[in-house]
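These notes are about the structure you will find just below.
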Amino acid sequence: MTSTRISLITGGSRGLGRATAIATARAGGDVVITYRTGAAEASEVVAEVEALGRRAAALPLDTTDAAGIPAFVETLRRTLREGWGREELDGLVNNAGFHGATTLGDTDPATIDALFQVHVKGVYLLTEALAPMLAEGGRIVNLSSGLARFVNPGGHSVYAAMKGAVEVLTRYWASELGARGITVNTVAPGATATDFGGGQIRDNAQYRDAITSVTALGRVGEAEDIGGVIATLLTAPVGWVTAQRIEASGGAKI
């Protein structure tokens with residue numbers, strides 16, 4: 001990788017994506033973030049990164065729009081060329097996503113389709129399109145969930161199953177891209193206090209207390225906890241770690 005590492009972070013305007021962008025900048029990396037609707041929030045993240053002395057850019061992207069991916073790739077190439085004088089990425093973080101409840105016996109098929117589009121198909125097609133742009137020795141970090149390991153009630157089954165699929169893709173991609181020195185890992189956050197899933201973990205004290213009671217470190221996670229883990233995989237000398245599922249859950253349900 002070059003001395004200045006540039007990472008693309010999908011869904012980087014808020015939550016874990018924002019925290020990852022800030023942590024990456026603090027570690028000395030530059031970032032390109034994507035957003036679907038939060039243009040103003042994305043601009044704020046760019047400003048925060050630049051205030052840390054790093055370069056940043058924000059681009060719109062709907063990861064469920066397969067037909068739009070080639071145009072996005074060309075826009076990204078142009079952005080890298082104009083902003084950094086190169087057309088390669090050093091890192092890719094597949095973070096964009098959402099939660100949709102799927103209770104057995106009361107599930108809207110459209111929710112299953114939407115979860116698949118974002119968490120599996122979109123991740124696959126974007127990674128496929130960007131893999132040729134990754135520099136030798138690059139890093140890919142996919143986002144899974146603690147729910148792929150432990151079971152919590154509340155209609156998480158399809159969401160967790162899609163994250164399980166991402167973990168399988170991680171291992172296959174690590175094999176396929178290993179000859180180029182590219183590592184591929186999964187970070188699986190535990191319960192984290194963001195607006196994800198309607199902000200239940202952040203805002204519901206009773207729910208948060210229940211999670212805390214079964215977590216070794218005695219609290220729920222914060223976005224910064226997860227962002228730091230991802231940034232480490234992007235920027236630290238951990239190039240011998242690949243095909244791994246790294247759970248960042250504070251020791252939930254161990």
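By order in the structure tokens, chains are A, B, ...; within a chain, residues start at 1; ligands start at 1, following the order shown.
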field: Which of range 18-209 of chain A fall in strand (DSSP E or B), as an NGL selection string
entry: :A and (30-35 or 56-60 or 89-94 or 102-103 or 106 or 134-143 or 156 or 183-189 or 192)
Contacts of range 93-108 of chain A within 8 Å, only C-alpha atoms, excl. fewer than 4 positions in-chain, as an mmCIF file with all heavy atoms, in the first residue's frame:
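The resulting file, around05.cif, is reproduced below:
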```cif
data_model
loop_
_atom_site.group_PDB
_atom_site.id
_atom_site.type_symbol
_atom_site.label_atom_id
_atom_site.label_comp_id
_atom_site.auth_asym_id
_atom_site.auth_seq_id
_atom_site.Cartn_x
_atom_site.Cartn_y
_atom_site.Cartn_z
ATOM 1 N N SER A 7 -9.476 4.807 1.946
ATOM 2 C CA SER A 7 -10.490 3.771 2.133
ATOM 3 C C SER A 7 -11.870 4.297 1.768
ATOM 4 O O SER A 7 -12.218 5.436 2.097
ATOM 5 C CB SER A 7 -10.507 3.294 3.591
ATOM 6 O OG SER A 7 -9.281 2.706 3.949
ATOM 7 N N LEU A 8 -12.640 3.455 1.102
ATOM 8 C CA LEU A 8 -14.036 3.761 0.797
ATOM 9 C C LEU A 8 -14.904 3.121 1.868
ATOM 10 O O LEU A 8 -14.787 1.917 2.147
ATOM 11 C CB LEU A 8 -14.419 3.213 -0.575
ATOM 12 C CG LEU A 8 -15.899 3.417 -0.963
ATOM 13 C CD1 LEU A 8 -16.140 4.870 -1.311
ATOM 14 C CD2 LEU A 8 -16.274 2.517 -2.134
ATOM 15 N N ILE A 9 -15.782 3.918 2.461
ATOM 16 C CA ILE A 9 -16.664 3.449 3.526
ATOM 17 C C ILE A 9 -18.106 3.700 3.100
ATOM 18 O O ILE A 9 -18.530 4.858 2.973
ATOM 19 C CB ILE A 9 -16.381 4.186 4.846
ATOM 20 C CG1 ILE A 9 -14.906 4.021 5.245
ATOM 21 C CG2 ILE A 9 -17.313 3.693 5.956
ATOM 22 C CD1 ILE A 9 -14.456 4.994 6.315
ATOM 23 N N THR A 10 -18.856 2.638 2.854
ATOM 24 C CA THR A 10 -20.249 2.836 2.455
ATOM 25 C C THR A 10 -21.088 3.149 3.697
ATOM 26 O O THR A 10 -20.783 2.713 4.800
ATOM 27 C CB THR A 10 -20.820 1.600 1.740
ATOM 28 O OG1 THR A 10 -20.887 0.490 2.649
ATOM 29 C CG2 THR A 10 -19.967 1.228 0.535
ATOM 30 N N GLY A 11 -22.138 3.921 3.476
ATOM 31 C CA GLY A 11 -22.982 4.330 4.598
ATOM 32 C C GLY A 11 -22.202 5.126 5.622
ATOM 33 O O GLY A 11 -22.354 4.939 6.833
ATOM 34 N N GLY A 12 -21.368 6.037 5.144
ATOM 35 C CA GLY A 12 -20.441 6.734 6.030
ATOM 36 C C GLY A 12 -20.935 8.039 6.607
ATOM 37 O O GLY A 12 -20.168 8.747 7.259
ATOM 38 N N LEU A 16 -22.052 3.784 12.502
ATOM 39 C CA LEU A 16 -20.771 3.086 12.448
ATOM 40 C C LEU A 16 -19.893 3.583 11.307
ATOM 41 O O LEU A 16 -18.665 3.628 11.436
ATOM 42 C CB LEU A 16 -20.998 1.577 12.301
ATOM 43 C CG LEU A 16 -21.816 0.890 13.397
ATOM 44 C CD1 LEU A 16 -21.813 -0.614 13.177
ATOM 45 C CD2 LEU A 16 -21.304 1.239 14.779
ATOM 46 N N GLY A 17 -20.519 3.951 10.175
ATOM 47 C CA GLY A 17 -19.741 4.453 9.045
ATOM 48 C C GLY A 17 -19.040 5.749 9.385
ATOM 49 O O GLY A 17 -17.849 5.931 9.086
ATOM 50 N N THR A 63 -26.577 1.264 -2.767
ATOM 51 C CA THR A 63 -25.957 -0.038 -3.026
ATOM 52 C C THR A 63 -26.938 -1.061 -3.565
ATOM 53 O O THR A 63 -26.522 -2.129 -4.031
ATOM 54 C CB THR A 63 -25.295 -0.589 -1.750
ATOM 55 O OG1 THR A 63 -26.283 -0.713 -0.716
ATOM 56 C CG2 THR A 63 -24.182 0.335 -1.278
ATOM 57 N N ILE A 112 -37.793 -9.238 3.209
ATOM 58 C CA ILE A 112 -36.735 -10.209 2.917
ATOM 59 C C ILE A 112 -35.961 -9.771 1.675
ATOM 60 O O ILE A 112 -34.723 -9.800 1.655
ATOM 61 C CB ILE A 112 -37.332 -11.611 2.704
ATOM 62 C CG1 ILE A 112 -38.046 -12.082 3.973
ATOM 63 C CG2 ILE A 112 -36.257 -12.605 2.296
ATOM 64 C CD1 ILE A 112 -38.778 -13.391 3.814
ATOM 65 N N LEU A 115 -33.699 -6.742 2.514
ATOM 66 C CA LEU A 115 -32.532 -7.123 3.303
ATOM 67 C C LEU A 115 -31.490 -7.821 2.427
ATOM 68 O O LEU A 115 -30.286 -7.570 2.555
ATOM 69 C CB LEU A 115 -32.956 -8.034 4.458
ATOM 70 C CG LEU A 115 -33.686 -7.335 5.608
ATOM 71 C CD1 LEU A 115 -34.360 -8.358 6.509
ATOM 72 C CD2 LEU A 115 -32.729 -6.453 6.410
ATOM 73 N N VAL A 118 -29.615 -5.227 0.119
ATOM 74 C CA VAL A 118 -28.621 -4.376 0.781
ATOM 75 C C VAL A 118 -27.449 -5.187 1.306
ATOM 76 O O VAL A 118 -26.285 -4.850 1.064
ATOM 77 C CB VAL A 118 -29.278 -3.590 1.943
ATOM 78 C CG1 VAL A 118 -28.218 -2.868 2.772
ATOM 79 C CG2 VAL A 118 -30.284 -2.596 1.405
ATOM 80 N N HIS A 119 -27.739 -6.256 2.034
ATOM 81 C CA HIS A 119 -26.699 -6.933 2.807
ATOM 82 C C HIS A 119 -25.955 -8.025 2.054
ATOM 83 O O HIS A 119 -24.872 -8.430 2.494
ATOM 84 C CB HIS A 119 -27.305 -7.509 4.086
ATOM 85 C CG HIS A 119 -27.796 -6.455 5.033
ATOM 86 N ND1 HIS A 119 -26.947 -5.640 5.724
ATOM 87 C CD2 HIS A 119 -29.053 -6.070 5.367
ATOM 88 C CE1 HIS A 119 -27.656 -4.803 6.463
ATOM 89 N NE2 HIS A 119 -28.933 -5.039 6.258
ATOM 90 N N VAL A 123 -23.590 -5.794 -1.461
ATOM 91 C CA VAL A 123 -22.218 -5.994 -0.999
ATOM 92 C C VAL A 123 -21.419 -6.766 -2.045
ATOM 93 O O VAL A 123 -20.277 -6.414 -2.366
ATOM 94 C CB VAL A 123 -22.221 -6.739 0.355
ATOM 95 C CG1 VAL A 123 -20.818 -7.218 0.714
ATOM 96 C CG2 VAL A 123 -22.778 -5.835 1.447
ATOM 97 N N ILE A 140 -10.190 -5.301 2.817
ATOM 98 C CA ILE A 140 -11.646 -5.253 2.750
ATOM 99 C C ILE A 140 -12.178 -5.637 4.120
ATOM 100 O O ILE A 140 -11.744 -6.632 4.715
ATOM 101 C CB ILE A 140 -12.204 -6.217 1.693
ATOM 102 C CG1 ILE A 140 -11.737 -5.826 0.287
ATOM 103 C CG2 ILE A 140 -13.741 -6.239 1.728
ATOM 104 C CD1 ILE A 140 -12.158 -6.797 -0.802
ATOM 105 N N VAL A 141 -13.112 -4.844 4.624
ATOM 106 C CA VAL A 141 -13.777 -5.153 5.881
ATOM 107 C C VAL A 141 -15.279 -5.180 5.632
ATOM 108 O O VAL A 141 -15.867 -4.185 5.193
ATOM 109 C CB VAL A 141 -13.462 -4.126 6.981
ATOM 110 C CG1 VAL A 141 -14.146 -4.525 8.290
ATOM 111 C CG2 VAL A 141 -11.958 -4.001 7.190
ATOM 112 N N ASN A 142 -15.882 -6.333 5.882
ATOM 113 C CA ASN A 142 -17.329 -6.479 5.769
ATOM 114 C C ASN A 142 -17.960 -6.388 7.155
ATOM 115 O O ASN A 142 -17.351 -6.782 8.150
ATOM 116 C CB ASN A 142 -17.677 -7.829 5.135
ATOM 117 C CG ASN A 142 -17.151 -7.948 3.720
ATOM 118 O OD1 ASN A 142 -17.203 -7.009 2.947
ATOM 119 N ND2 ASN A 142 -16.625 -9.121 3.369
ATOM 120 N N LEU A 143 -19.177 -5.883 7.201
ATOM 121 C CA LEU A 143 -19.882 -5.766 8.471
ATOM 122 C C LEU A 143 -20.887 -6.895 8.625
ATOM 123 O O LEU A 143 -21.755 -7.086 7.769
ATOM 124 C CB LEU A 143 -20.591 -4.414 8.582
ATOM 125 C CG LEU A 143 -19.814 -3.279 9.237
ATOM 126 C CD1 LEU A 143 -19.650 -3.515 10.732
ATOM 127 C CD2 LEU A 143 -18.454 -3.073 8.594
ATOM 128 N N GLY A 154 -36.999 -10.881 18.756
ATOM 129 C CA GLY A 154 -37.312 -9.574 18.189
ATOM 130 C C GLY A 154 -37.323 -9.529 16.679
ATOM 131 O O GLY A 154 -37.262 -8.452 16.094
ATOM 132 N N GLY A 155 -37.404 -10.664 16.025
ATOM 133 C CA GLY A 155 -37.546 -10.658 14.572
ATOM 134 C C GLY A 155 -36.265 -10.385 13.817
ATOM 135 O O GLY A 155 -36.273 -9.719 12.774
ATOM 136 N N HIS A 156 -35.150 -10.903 14.293
ATOM 137 C CA HIS A 156 -33.855 -10.639 13.663
ATOM 138 C C HIS A 156 -33.410 -11.734 12.703
ATOM 139 O O HIS A 156 -32.301 -11.670 12.165
ATOM 140 C CB HIS A 156 -32.779 -10.488 14.743
ATOM 141 C CG HIS A 156 -33.083 -9.472 15.791
ATOM 142 N ND1 HIS A 156 -33.308 -8.144 15.505
ATOM 143 C CD2 HIS A 156 -33.196 -9.599 17.143
ATOM 144 C CE1 HIS A 156 -33.548 -7.487 16.630
ATOM 145 N NE2 HIS A 156 -33.487 -8.349 17.634
ATOM 146 N N SER A 157 -34.224 -12.739 12.471
ATOM 147 C CA SER A 157 -33.748 -13.954 11.808
ATOM 148 C C SER A 157 -33.194 -13.717 10.405
ATOM 149 O O SER A 157 -32.094 -14.191 10.082
ATOM 150 C CB SER A 157 -34.876 -14.996 11.752
ATOM 151 O OG SER A 157 -35.987 -14.484 11.027
ATOM 152 N N VAL A 158 -33.923 -13.025 9.562
ATOM 153 C CA VAL A 158 -33.456 -12.831 8.180
ATOM 154 C C VAL A 158 -32.251 -11.899 8.149
ATOM 155 O O VAL A 158 -31.276 -12.151 7.431
ATOM 156 C CB VAL A 158 -34.596 -12.318 7.284
ATOM 157 C CG1 VAL A 158 -34.072 -11.974 5.894
ATOM 158 C CG2 VAL A 158 -35.702 -13.363 7.190
ATOM 159 N N TYR A 159 -32.304 -10.838 8.929
ATOM 160 C CA TYR A 159 -31.151 -9.934 9.023
ATOM 161 C C TYR A 159 -29.903 -10.718 9.422
ATOM 162 O O TYR A 159 -28.840 -10.600 8.799
ATOM 163 C CB TYR A 159 -31.439 -8.827 10.035
ATOM 164 C CG TYR A 159 -30.249 -7.961 10.363
ATOM 165 C CD1 TYR A 159 -29.839 -6.951 9.489
ATOM 166 C CD2 TYR A 159 -29.527 -8.147 11.543
ATOM 167 C CE1 TYR A 159 -28.737 -6.157 9.790
ATOM 168 C CE2 TYR A 159 -28.434 -7.361 11.845
ATOM 169 C CZ TYR A 159 -28.052 -6.369 10.976
ATOM 170 O OH TYR A 159 -26.957 -5.590 11.259
ATOM 171 N N PHE A 196 -29.496 2.832 14.449
ATOM 172 C CA PHE A 196 -29.808 1.627 13.688
ATOM 173 C C PHE A 196 -30.987 0.894 14.334
ATOM 174 O O PHE A 196 -31.083 0.793 15.555
ATOM 175 C CB PHE A 196 -28.582 0.715 13.657
ATOM 176 C CG PHE A 196 -28.675 -0.421 12.668
ATOM 177 C CD1 PHE A 196 -28.468 -0.201 11.320
ATOM 178 C CD2 PHE A 196 -28.963 -1.703 13.093
ATOM 179 C CE1 PHE A 196 -28.530 -1.236 10.405
ATOM 180 C CE2 PHE A 196 -29.023 -2.753 12.192
ATOM 181 C CZ PHE A 196 -28.818 -2.516 10.846
ATOM 182 N N GLY A 197 -31.877 0.384 13.504
ATOM 183 C CA GLY A 197 -33.033 -0.345 14.021
ATOM 184 C C GLY A 197 -33.973 0.516 14.841
ATOM 185 O O GLY A 197 -34.617 0.024 15.778
#
```
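Interatomic distance, CA of Thr4 in chain A to CA of Gly29 in chain A: 6.3 Å.
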For Ala210 in chain A, the nearest of the candidates A:Ile226, A:Ala252, A:Ala47, A:Ala161, counting only C-alpha atoms: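 Checking each candidate against Ala210 in chain A, we get A:Ala252 as the closest.
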Go through range 170-228 of chain A residue by residue and, counting only C-alpha atoms, keep those with an atom at most 12 Å from range 81-90 of chain A; for each kept residue give the shortest atom pair and its distance in Å to one decimal, ordered by chain and increasing number, as CSV.
```
residue,atom,partner,partner_atom,distance
A:Gly181,CA,A:Asp90,CA,11.3
A:Ile182,CA,A:Asp90,CA,9.1
A:Thr183,CA,A:Asp90,CA,10.6
```
Under the rule of at most 12 Å, produce a per-residue listing of range 15-82 of chain A near range 187-193 of chain A: chain, number, name, the closest pair of atoms, and the distance in Å, as JSON lines, using only C-alpha atoms.
```
{"residue": "A:Gly15", "atom": "CA", "partner": "A:Ala193", "partner_atom": "CA", "distance": 8.8}
{"residue": "A:Leu16", "atom": "CA", "partner": "A:Thr192", "partner_atom": "CA", "distance": 9.0}
{"residue": "A:Ala19", "atom": "CA", "partner": "A:Thr192", "partner_atom": "CA", "distance": 12.0}
{"residue": "A:Thr20", "atom": "CA", "partner": "A:Val187", "partner_atom": "CA", "distance": 11.8}
```
- request: Tell me which of A:Leu169, A:Ile211, A:Ile246, A:Ala129 sits closest to Asn152 in chain A, counting only C-alpha atoms.
  value: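 The shortest atom-to-atom distance to Asn152 in chain A comes from A:Ile211.
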message: I need the residue nearest Lys253 in chain A from this list: A:Leu217, A:Ala25, A:Ala165, A:Leu233. Use only C-alpha atoms for the distance.
response: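 Comparing A:Leu217, A:Ala25, A:Ala165, A:Leu233 against Lys253 in chain A, the winner is A:Leu217.
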message: I'd like the neighbourhood of Arg26 in chain A as a list in words, where a residue qualifies if any of its atoms comes within 9 Å (using only C-alpha atoms), though same-chain residues fewer than 5 positions away should be ignored.
response: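 Near Arg26 in chain A, the qualifying residues are Ala21, Val49, Leu52, Gly53, Arg54 and Ala231 of chain A.
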Just-selected residues, all heavy atoms written as an mmCIF file, in the first residue's frame:
```
data_model
loop_
_atom_site.group_PDB
_atom_site.id
_atom_site.type_symbol
_atom_site.label_atom_id
_atom_site.label_comp_id
_atom_site.auth_asym_id
_atom_site.auth_seq_id
_atom_site.Cartn_x
_atom_site.Cartn_y
_atom_site.Cartn_z
ATOM 1 N N ALA A 21 -14.980 6.423 9.676
ATOM 2 C CA ALA A 21 -14.282 7.476 8.934
ATOM 3 C C ALA A 21 -13.429 8.326 9.872
ATOM 4 O O ALA A 21 -12.264 8.627 9.570
ATOM 5 C CB ALA A 21 -15.291 8.349 8.193
ATOM 6 N N VAL A 49 -13.273 15.070 9.142
ATOM 7 C CA VAL A 49 -12.045 14.404 8.715
ATOM 8 C C VAL A 49 -10.992 15.440 8.325
ATOM 9 O O VAL A 49 -9.816 15.333 8.707
ATOM 10 C CB VAL A 49 -12.328 13.442 7.542
ATOM 11 C CG1 VAL A 49 -11.028 12.957 6.909
ATOM 12 C CG2 VAL A 49 -13.171 12.267 8.015
ATOM 13 N N LEU A 52 -9.120 17.038 11.026
ATOM 14 C CA LEU A 52 -8.073 16.195 11.599
ATOM 15 C C LEU A 52 -6.825 16.157 10.719
ATOM 16 O O LEU A 52 -5.876 15.422 11.001
ATOM 17 C CB LEU A 52 -8.604 14.770 11.789
ATOM 18 C CG LEU A 52 -9.687 14.613 12.851
ATOM 19 C CD1 LEU A 52 -10.328 13.229 12.755
ATOM 20 C CD2 LEU A 52 -9.113 14.833 14.253
ATOM 21 N N GLY A 53 -6.847 16.941 9.642
ATOM 22 C CA GLY A 53 -5.683 17.032 8.771
ATOM 23 C C GLY A 53 -5.622 15.986 7.677
ATOM 24 O O GLY A 53 -4.590 15.821 7.027
ATOM 25 N N ARG A 54 -6.738 15.282 7.440
ATOM 26 C CA ARG A 54 -6.787 14.255 6.404
ATOM 27 C C ARG A 54 -7.706 14.700 5.270
ATOM 28 O O ARG A 54 -8.504 15.629 5.427
ATOM 29 C CB ARG A 54 -7.267 12.916 6.968
ATOM 30 C CG ARG A 54 -6.490 12.390 8.159
ATOM 31 C CD ARG A 54 -4.991 12.381 7.970
ATOM 32 N NE ARG A 54 -4.580 11.757 6.711
ATOM 33 C CZ ARG A 54 -3.322 11.737 6.277
ATOM 34 N NH1 ARG A 54 -2.367 12.319 6.978
ATOM 35 N NH2 ARG A 54 -3.028 11.133 5.139
ATOM 36 N N ALA A 231 -11.079 0.643 11.767
ATOM 37 C CA ALA A 231 -9.946 1.475 11.368
ATOM 38 C C ALA A 231 -8.627 0.753 11.587
ATOM 39 O O ALA A 231 -7.682 0.904 10.802
ATOM 40 C CB ALA A 231 -9.963 2.797 12.138
#
```
